[in-house]
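Structure file final.tsv (TSV, C-alpha atoms) follows.
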```tsv
chain	number	residue	atom	x	y	z
A	1	MET	CA	-58.97	35.22	-36.44
A	2	THR	CA	-56.72	37.25	-34.12
A	3	SER	CA	-54.77	35.37	-31.47
A	4	SER	CA	-55.47	36.47	-27.88
A	5	ARG	CA	-52.15	35.12	-26.59
A	6	ARG	CA	-50.04	37.89	-25.10
A	7	ARG	CA	-46.46	38.17	-26.33
A	8	ARG	CA	-43.88	37.25	-23.72
A	9	PRO	CA	-41.83	40.34	-22.78
A	10	THR	CA	-38.15	40.19	-23.62
A	11	LEU	CA	-34.90	41.59	-22.36
A	12	ASP	CA	-35.05	44.15	-25.20
A	13	ASP	CA	-38.42	45.38	-23.96
A	14	VAL	CA	-36.94	46.06	-20.54
A	15	ALA	CA	-33.94	47.85	-22.06
A	16	GLU	CA	-36.26	50.09	-24.09
A	17	ALA	CA	-38.46	50.87	-21.09
A	18	VAL	CA	-35.50	51.92	-18.94
A	19	GLY	CA	-33.53	53.57	-21.73
A	20	VAL	CA	-30.40	51.46	-21.37
A	21	SER	CA	-28.61	48.90	-23.52
A	22	ARG	CA	-29.47	45.24	-23.72
A	23	ALA	CA	-26.11	44.41	-22.11
A	24	THR	CA	-26.92	46.63	-19.13
A	25	VAL	CA	-30.15	44.76	-18.48
A	26	SER	CA	-28.28	41.47	-18.79
A	27	ASN	CA	-25.75	42.67	-16.22
A	28	ALA	CA	-28.55	43.43	-13.79
A	29	TYR	CA	-29.22	39.69	-13.66
A	30	ASN	CA	-25.86	38.10	-14.37
A	31	ARG	CA	-23.26	40.63	-13.19
A	32	PRO	CA	-24.95	42.89	-10.63
A	33	ASP	CA	-21.58	44.14	-9.38
A	34	GLN	CA	-21.20	46.01	-12.70
A	35	LEU	CA	-24.16	48.32	-11.95
A	36	SER	CA	-25.06	50.79	-9.26
A	37	ALA	CA	-27.66	49.55	-6.80
A	38	GLN	CA	-30.02	52.31	-7.94
A	39	LEU	CA	-29.81	51.40	-11.63
A	40	ARG	CA	-30.22	47.69	-10.95
A	41	GLU	CA	-33.29	48.36	-8.81
A	42	GLN	CA	-34.75	50.50	-11.61
A	43	ILE	CA	-34.19	47.73	-14.15
A	44	LEU	CA	-35.68	45.01	-11.95
A	45	ARG	CA	-38.69	47.21	-11.16
A	46	ALA	CA	-39.33	47.82	-14.87
A	47	ALA	CA	-38.96	44.10	-15.56
A	48	GLY	CA	-41.52	43.32	-12.88
A	49	GLU	CA	-43.98	45.82	-14.31
A	50	LEU	CA	-43.58	44.35	-17.79
A	51	GLY	CA	-43.85	40.79	-16.52
A	52	TYR	CA	-40.34	39.85	-17.66
A	53	PRO	CA	-39.21	36.86	-15.52
A	54	GLY	CA	-35.49	37.16	-16.22
A	55	PRO	CA	-33.09	35.43	-18.62
A	56	ASN	CA	-33.95	31.90	-19.70
A	57	PRO	CA	-31.59	29.67	-17.67
A	58	THR	CA	-31.28	27.05	-20.41
A	59	ALA	CA	-30.34	29.65	-23.03
A	60	ARG	CA	-27.91	31.29	-20.63
A	61	SER	CA	-26.30	27.90	-19.92
A	62	LEU	CA	-25.83	27.26	-23.63
A	63	ALA	CA	-24.35	30.70	-24.18
A	64	THR	CA	-21.92	30.58	-21.27
A	65	SER	CA	-21.23	26.81	-21.08
A	66	ARG	CA	-22.08	27.12	-17.38
A	67	THR	CA	-24.99	25.50	-15.56
A	68	GLY	CA	-24.75	27.57	-12.38
A	69	ALA	CA	-24.93	24.34	-10.36
A	70	ILE	CA	-22.52	22.82	-7.83
A	71	ALA	CA	-22.79	19.04	-7.43
A	72	PHE	CA	-22.61	18.14	-3.72
A	73	LEU	CA	-21.74	14.47	-3.29
A	74	LEU	CA	-22.97	12.72	-0.14
A	75	ASP	CA	-22.00	9.30	1.18
A	76	SER	CA	-25.54	8.32	2.27
A	77	SER	CA	-29.22	8.95	1.57
A	78	LEU	CA	-30.68	12.41	2.12
A	79	SER	CA	-32.74	11.30	5.12
A	80	ALA	CA	-29.67	9.80	6.78
A	81	ALA	CA	-27.42	12.70	5.87
A	82	PHE	CA	-29.72	15.42	7.16
A	83	SER	CA	-30.10	13.72	10.52
A	84	ASP	CA	-26.44	14.67	11.03
A	85	PRO	CA	-26.32	18.25	12.39
A	86	ALA	CA	-22.61	18.59	11.61
A	87	LEU	CA	-23.33	18.10	7.91
A	88	SER	CA	-26.35	20.43	8.01
A	89	ILE	CA	-24.32	23.28	9.51
A	90	THR	CA	-21.48	22.82	7.02
A	91	LEU	CA	-23.82	22.59	4.04
A	92	ASP	CA	-25.80	25.66	5.12
A	93	ALA	CA	-22.63	27.75	5.38
A	94	LEU	CA	-21.47	26.58	1.95
A	95	ALA	CA	-24.84	27.43	0.39
A	96	LYS	CA	-24.84	30.91	1.92
A	97	THR	CA	-21.33	31.53	0.55
A	98	VAL	CA	-22.13	30.64	-3.07
A	99	GLU	CA	-25.71	31.98	-3.16
A	100	PRO	CA	-24.84	35.66	-3.88
A	101	THR	CA	-23.08	34.58	-7.08
A	102	GLY	CA	-26.21	32.89	-8.42
A	103	ASN	CA	-24.90	29.35	-8.01
A	104	ALA	CA	-27.11	26.62	-6.59
A	105	LEU	CA	-26.40	23.26	-4.97
A	106	LEU	CA	-27.32	20.02	-6.72
A	107	LEU	CA	-27.44	17.29	-4.06
A	108	LEU	CA	-26.33	13.83	-5.17
A	109	PRO	CA	-27.10	11.41	-2.31
A	110	GLY	CA	-25.42	8.09	-1.78
A	111	ARG	CA	-26.88	4.73	-0.96
A	112	GLU	CA	-27.67	3.24	2.41
A	113	ALA	CA	-24.42	1.25	2.23
A	114	GLN	CA	-22.54	4.57	2.28
A	115	GLU	CA	-20.88	4.08	-1.07
A	116	GLY	CA	-21.48	7.62	-2.30
A	117	PRO	CA	-23.66	8.53	-5.29
A	118	PRO	CA	-23.59	6.14	-8.27
A	119	ALA	CA	-20.97	7.03	-10.85
A	120	SER	CA	-23.67	7.16	-13.53
A	121	ARG	CA	-25.47	9.91	-11.63
A	122	VAL	CA	-22.29	11.94	-11.30
A	123	LEU	CA	-21.53	11.52	-15.01
A	124	ALA	CA	-25.02	12.76	-15.94
A	125	ALA	CA	-25.25	15.65	-13.47
A	126	GLN	CA	-25.52	19.14	-14.96
A	127	ALA	CA	-22.91	20.90	-12.84
A	128	ASP	CA	-19.82	23.09	-13.21
A	129	ILE	CA	-17.91	21.76	-10.20
A	130	ALA	CA	-18.19	19.01	-7.59
A	131	VAL	CA	-17.88	19.09	-3.80
A	132	ALA	CA	-17.37	15.72	-2.09
A	133	TYR	CA	-18.29	15.45	1.59
A	134	SER	CA	-16.55	12.72	3.59
A	135	LEU	CA	-16.76	10.02	0.95
A	136	ALA	CA	-14.99	6.69	1.30
A	137	ASP	CA	-11.57	6.44	-0.30
A	138	GLY	CA	-11.69	5.24	-3.88
A	139	THR	CA	-15.44	5.60	-4.29
A	140	PRO	CA	-16.51	5.40	-7.97
A	141	ALA	CA	-18.15	8.82	-7.61
A	142	LEU	CA	-14.74	10.49	-7.32
A	143	GLU	CA	-13.48	8.62	-10.37
A	144	ALA	CA	-16.54	9.88	-12.27
A	145	VAL	CA	-15.71	13.48	-11.33
A	146	ARG	CA	-12.19	12.93	-12.67
A	147	ALA	CA	-13.51	11.36	-15.86
A	148	ARG	CA	-15.61	14.45	-16.54
A	149	GLY	CA	-12.74	16.81	-15.86
A	150	LEU	CA	-14.76	18.79	-13.30
A	151	PRO	CA	-12.97	20.91	-10.70
A	152	LEU	CA	-13.24	19.22	-7.30
A	153	VAL	CA	-13.35	20.39	-3.68
A	154	VAL	CA	-13.21	17.73	-0.95
A	155	ILE	CA	-14.33	18.16	2.65
A	156	ASP	CA	-12.95	15.88	5.38
A	157	GLN	CA	-11.09	13.63	2.96
A	158	PRO	CA	-7.42	12.94	2.19
A	159	PRO	CA	-5.76	15.41	-0.18
A	160	LEU	CA	-6.04	14.40	-3.85
A	161	PRO	CA	-4.00	15.64	-6.82
A	162	ASP	CA	-5.28	18.88	-8.35
A	163	THR	CA	-8.07	19.05	-5.79
A	164	ALA	CA	-8.94	21.76	-3.27
A	165	ARG	CA	-9.43	20.48	0.27
A	166	VAL	CA	-10.73	21.69	3.61
A	167	GLY	CA	-10.94	19.67	6.80
A	168	CYS	CA	-10.20	19.81	10.50
A	169	ASP	CA	-7.45	18.33	12.65
A	170	ASP	CA	-9.30	15.07	13.40
A	171	ARG	CA	-6.31	13.32	14.90
A	172	GLY	CA	-5.35	16.28	17.06
A	173	GLY	CA	-8.93	16.69	18.29
A	174	ALA	CA	-9.20	13.02	19.23
A	175	SER	CA	-5.90	13.29	21.06
A	176	LEU	CA	-7.22	16.26	23.06
A	177	ALA	CA	-10.28	14.25	24.11
A	178	ALA	CA	-8.26	11.19	25.16
A	179	ARG	CA	-5.68	13.28	27.04
A	180	HIS	CA	-8.45	15.08	28.94
A	181	LEU	CA	-9.81	11.79	30.25
A	182	VAL	CA	-6.35	10.41	31.04
A	183	GLU	CA	-5.62	13.53	33.08
A	184	LEU	CA	-8.86	12.94	34.99
A	185	GLY	CA	-7.47	9.57	36.06
A	186	HIS	CA	-9.35	7.19	33.76
A	187	ARG	CA	-7.65	3.93	32.79
A	188	ARG	CA	-10.49	1.80	31.36
A	189	PHE	CA	-11.74	3.13	28.02
A	190	GLY	CA	-14.41	2.41	25.49
A	191	ILE	CA	-14.36	3.89	21.96
A	192	LEU	CA	-17.67	4.27	20.16
A	193	ALA	CA	-16.57	4.39	16.55
A	194	ALA	CA	-18.07	5.48	13.25
A	195	PRO	CA	-19.16	2.89	10.68
A	196	ARG	CA	-16.93	0.57	8.69
A	197	LEU	CA	-14.24	0.43	11.30
A	198	SER	CA	-11.54	-2.12	10.59
A	199	ALA	CA	-8.72	-1.04	12.86
A	200	VAL	CA	-6.90	1.71	10.97
A	201	THR	CA	-8.05	0.48	7.56
A	202	SER	CA	-11.44	2.20	7.53
A	203	PRO	CA	-12.15	3.70	4.08
A	204	PHE	CA	-13.21	6.92	5.81
A	205	HIS	CA	-10.45	9.44	6.48
A	206	GLY	CA	-12.09	10.95	9.57
A	207	THR	CA	-12.61	7.57	11.20
A	208	ARG	CA	-8.98	6.58	10.67
A	209	GLU	CA	-7.64	9.89	11.95
A	210	ARG	CA	-9.83	10.04	15.05
A	211	LEU	CA	-9.09	6.44	15.97
A	212	ALA	CA	-5.37	7.07	15.52
A	213	GLY	CA	-5.61	10.11	17.79
A	214	TYR	CA	-7.40	8.17	20.53
A	215	LEU	CA	-5.16	5.10	20.41
A	216	GLY	CA	-1.92	7.03	20.06
A	217	THR	CA	-2.61	9.13	23.15
A	218	LEU	CA	-3.83	6.19	25.24
A	219	SER	CA	-0.85	4.08	24.21
A	220	ALA	CA	1.54	6.88	25.16
A	221	ALA	CA	-0.09	6.88	28.62
A	222	GLY	CA	0.48	3.13	28.95
A	223	ILE	CA	-3.24	2.32	28.71
A	224	THR	CA	-4.19	-0.95	27.03
A	225	ASP	CA	-7.63	-1.62	28.55
A	226	ILE	CA	-9.60	-0.36	25.54
A	227	THR	CA	-12.81	-1.76	24.05
A	228	ILE	CA	-13.79	-0.56	20.56
A	229	THR	CA	-17.33	-0.89	19.25
A	230	GLU	CA	-18.65	0.24	15.87
A	231	ALA	CA	-22.00	2.00	15.52
A	232	PRO	CA	-23.73	3.79	12.62
A	233	TRP	CA	-23.85	7.36	13.95
A	234	LEU	CA	-26.89	8.19	11.83
A	235	SER	CA	-29.06	5.57	13.54
A	236	ALA	CA	-30.01	6.42	17.12
A	237	SER	CA	-31.29	2.94	17.94
A	238	THR	CA	-28.21	1.07	16.72
A	239	ALA	CA	-25.90	3.64	18.30
A	240	ARG	CA	-27.64	3.16	21.65
A	241	ALA	CA	-27.35	-0.61	21.25
A	242	ALA	CA	-23.62	-0.33	20.55
A	243	ALA	CA	-23.14	1.97	23.55
A	244	THR	CA	-25.10	-0.48	25.71
A	245	ASP	CA	-22.72	-3.25	24.65
A	246	LEU	CA	-19.77	-1.10	25.73
A	247	LEU	CA	-21.33	-0.34	29.11
A	248	THR	CA	-22.28	-3.92	29.94
A	249	VAL	CA	-18.96	-5.71	29.41
A	250	SER	CA	-17.63	-7.61	32.43
A	251	VAL	CA	-15.16	-4.86	33.30
A	252	ARG	CA	-17.04	-1.70	32.41
A	253	PRO	CA	-15.11	1.29	30.98
A	254	THR	CA	-15.10	4.39	33.15
A	255	ALA	CA	-14.83	6.65	30.09
A	256	LEU	CA	-16.20	6.59	26.56
A	257	LEU	CA	-14.62	8.36	23.58
A	258	CYS	CA	-17.25	8.91	20.89
A	259	MET	CA	-16.39	9.81	17.30
A	260	SER	CA	-19.30	12.26	16.98
A	261	ASP	CA	-21.69	14.16	19.21
A	262	GLN	CA	-24.54	12.01	17.87
A	263	LEU	CA	-22.78	8.91	19.13
A	264	ALA	CA	-22.13	10.61	22.46
A	265	PHE	CA	-25.82	11.50	22.88
A	266	ALA	CA	-26.67	7.85	22.20
A	267	ALA	CA	-24.12	6.78	24.82
A	268	ILE	CA	-25.61	9.14	27.41
A	269	ALA	CA	-29.07	7.75	26.67
A	270	ALA	CA	-27.78	4.18	27.01
A	271	ALA	CA	-26.09	5.00	30.31
A	272	HIS	CA	-29.29	6.50	31.70
A	273	ARG	CA	-31.28	3.42	30.67
A	274	LEU	CA	-28.79	1.22	32.49
A	275	GLY	CA	-29.08	3.34	35.63
A	276	LEU	CA	-25.56	4.74	35.28
A	277	ARG	CA	-24.79	8.31	36.22
A	278	VAL	CA	-22.92	10.58	33.81
A	279	PRO	CA	-20.22	11.51	34.77
A	280	ALA	CA	-20.17	9.88	38.25
A	281	ASP	CA	-20.19	6.32	36.84
A	282	VAL	CA	-18.96	6.97	33.30
A	283	SER	CA	-17.47	10.01	31.59
A	284	ILE	CA	-18.43	10.64	27.95
A	285	VAL	CA	-16.73	12.83	25.32
A	286	GLY	CA	-18.07	13.62	21.84
A	287	PHE	CA	-16.66	15.22	18.70
A	288	ASP	CA	-18.02	18.20	16.67
A	289	ASP	CA	-19.63	20.53	19.25
A	290	THR	CA	-23.00	20.69	17.53
A	291	PRO	CA	-25.62	23.02	19.09
A	292	GLN	CA	-27.29	20.20	21.02
A	293	ALA	CA	-24.08	19.56	22.98
A	294	VAL	CA	-24.83	22.50	25.27
A	295	TRP	CA	-28.40	21.34	25.92
A	296	SER	CA	-27.83	17.63	26.46
A	297	GLU	CA	-28.23	16.23	29.97
A	298	PRO	CA	-25.57	16.60	31.19
A	299	PRO	CA	-24.00	19.17	28.85
A	300	LEU	CA	-21.50	17.34	26.67
A	301	THR	CA	-17.73	17.66	26.80
A	302	THR	CA	-16.70	17.52	23.15
A	303	VAL	CA	-14.10	18.42	20.56
A	304	ARG	CA	-15.09	21.70	18.94
A	305	GLN	CA	-14.55	22.16	15.24
A	306	ASP	CA	-15.64	25.16	13.16
A	307	LEU	CA	-18.41	23.51	11.15
A	308	ALA	CA	-19.71	26.77	9.68
A	309	GLY	CA	-16.17	27.87	8.89
A	310	LYS	CA	-15.57	24.61	7.06
A	311	GLY	CA	-18.59	25.21	4.85
A	312	ARG	CA	-17.63	28.83	4.26
A	313	VAL	CA	-14.07	27.89	3.22
A	314	ALA	CA	-15.42	25.17	0.93
A	315	GLY	CA	-17.69	27.74	-0.72
A	316	GLU	CA	-14.80	30.15	-1.20
A	317	LEU	CA	-12.71	27.36	-2.75
A	318	VAL	CA	-15.57	26.58	-5.14
A	319	MET	CA	-15.79	30.19	-6.29
A	320	ASP	CA	-12.02	30.47	-6.71
A	321	LEU	CA	-11.84	27.34	-8.87
A	322	LEU	CA	-14.80	28.47	-10.99
A	323	ALA	CA	-13.00	31.77	-11.52
A	324	GLY	CA	-9.97	29.91	-12.87
A	325	GLU	CA	-7.75	30.33	-9.82
A	326	PRO	CA	-5.08	27.65	-9.24
A	327	VAL	CA	-5.71	24.90	-6.70
A	328	PRO	CA	-4.49	26.18	-3.31
A	329	PRO	CA	-2.76	24.11	-0.60
A	330	PRO	CA	-5.09	22.06	1.64
A	331	VAL	CA	-6.81	24.00	4.43
A	332	GLU	CA	-6.89	22.38	7.88
A	333	LEU	CA	-9.00	24.15	10.49
A	334	PRO	CA	-7.94	23.99	14.15
A	335	VAL	CA	-9.91	22.25	16.90
A	336	SER	CA	-10.26	22.74	20.64
A	337	LEU	CA	-11.81	20.93	23.59
A	338	ALA	CA	-15.05	22.25	25.08
A	339	VAL	CA	-15.10	20.90	28.65
A	340	ARG	CA	-18.59	20.61	30.13
A	341	GLU	CA	-20.33	18.40	32.67
A	342	SER	CA	-20.23	14.95	31.04
A	343	THR	CA	-16.68	14.27	32.29
A	344	ALA	CA	-15.25	14.09	35.80
A	345	ALA	CA	-12.22	12.80	37.67
A	346	ILE	CA	-12.32	9.21	38.78
```

Conversion result in structure tokens:
Amino acid sequence: MTSSRRRRPTLDDVAEAVGVSRATVSNAYNRPDQLSAQLREQILRAAGELGYPGPNPTARSLATSRTGAIAFLLDSSLSAAFSDPALSITLDALAKTVEPTGNALLLLPGREAQEGPPASRVLAAQADIAVAYSLADGTPALEAVRARGLPLVVIDQPPLPDTARVGCDDRGGASLAARHLVELGHRRFGILAAPRLSAVTSPFHGTRERLAGYLGTLSAAGITDITITEAPWLSASTARAAATDLLTVSVRPTALLCMSDQLAFAAIAAAHRLGLRVPADVSIVGFDDTPQAVWSEPPLTTVRQDLAGKGRVAGELVMDLLAGEPVPPPVELPVSLAVRESTAAI
């Protein structure tokens, strides 16, 4: 009996159809920069006509000892993480930077307690390199990356030995925000802080740096009337509740410094619910300058950081390390203050 199953076309079949070598066809998929655009298009067209789907990724991984995957380590669950527009913008820019090289992102979410992904998941991940986004200091996930000997890029974390880093000037940005409000005449302040705040001992680098920037500038101005409240910035309801607590103390702050735009939006919503006018009754400043900042009511004064640039630099660092380049010095992106209508002189 004759089998009716059709033989799967191979890379050799494509090479024969086009009249080129097997290596040339392989380059069309794996090293497109080695071919002219016209020849690559001819090869891919012939492959499509033959029904050749491209090189087997598993076989290619075994041959090259590369998976083509970049492990992206998050501090929280995917649903929580992707409600943060700052992360979404950074991650999108990183993905666009590495995509032309054929690399893909493997997302490793953390737990609700913001402990980062389990070490066991990091140890088992099929990836060539890891990118850690704003993880807590000393998280087991980072130790797992070290144990595997993977190259590492960190975003918004303290510099680590033999690790590429990109971040922004968190402390300087917070100082800009506090100075702006001081210059407007404010003397009673509330700080709506990111999670796990314990004075300056927060395990999160960004939280420590932003708090230090706020407090340092206010202290230099002789201001001691400061109320600090912690709120999970990825939960709108709890952030509004924390902002409400700040705005209902016996001596209400006239200005709120918020560690993210998401916290600032929650503070504006809380103020409106309490019948307070922004900025006539309370001025509010955020941090990040996400797209919604322009469209909030009122438009939000906030610290602007280059979120897309951060992702792009992280992607470039990934590609450099994969290419065997040495670890460069840490990259710190500048910040500025975008003054809009949520702040006013007192």

One decimal, Å: what's the distance from CA of Asn27 (chain A) over to CA of Asp13 (chain A), could you say?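 According to the coordinates, CA of Asn27 (chain A) and CA of Asp13 (chain A) are separated by 15.1 Å.
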
Pick out the closest residue to Leu274 (chain A) from this set: A:Thr302, A:Thr244, A:Thr343, A:Ser296. Count all atoms listed in the file.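 Closest to Leu274 (chain A), using all atoms listed in the file: A:Thr244.
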
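Comparing the minimum interatomic distances between Leu337 (chain A) and each of A:Ala193, A:His205, A:Thr217, A:Arg179, counting only C-alpha atoms, we find that A:Arg179 sits nearest.
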
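Between CA of Gly116 (chain A) and CA of Val327 (chain A) lies a distance of 23.8 Å.
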
I'd like the neighbourhood of Thr227 (chain A) as a PyMOL selection string, where a residue qualifies if any of its atoms comes within 8 Å (using all atoms listed in the file), though same-chain residues fewer than 2 positions away should be ignored. chain A and resi 189-191+225+229+246+253

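Distances here use only C-alpha atoms; by that measure, the residue among A:Val294, A:Ala15, A:Val335, A:Leu105 closest to Lys310 (chain A) is A:Val335.
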
Residues within 8 Å of Pro140 (chain A), please, as a PyMOL selection string. Count only C-alpha atoms; anything in the same chain fewer than 4 positions from it doesn't count. chain A and resi 116+118-119+144

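Residue nearest Thr90 (chain A), chosen from A:Leu142, A:Ala147, A:Met259, A:Val131 and counting all atoms listed in the file: A:Val131.
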
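Restricting the calculation to all atoms listed in the file, the smallest distance between Gly315 (chain A) and any of A:Ala127, A:Val339, A:Val166, A:Ala80 is found for A:Val166.
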
So how far away is CA of His180 (chain A) from CA of Leu215 (chain A), in Å? 13.5 Å

Nearest candidate to Pro328 (chain A) (options A:Ala266, A:Ile223, A:Ala344, A:Leu160; using all atoms listed in the file):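 When distances to Pro328 (chain A) are compared using all atoms listed in the file, the smallest one comes from A:Leu160.
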
Shell around Leu35 (chain A) at 10 Å using all atoms listed in the file, local window under 6 positions removed, as a list in words: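 Counting only the stated atoms, we get Thr24, Val25, Asn27, Ala28 and Glu41 of chain A.
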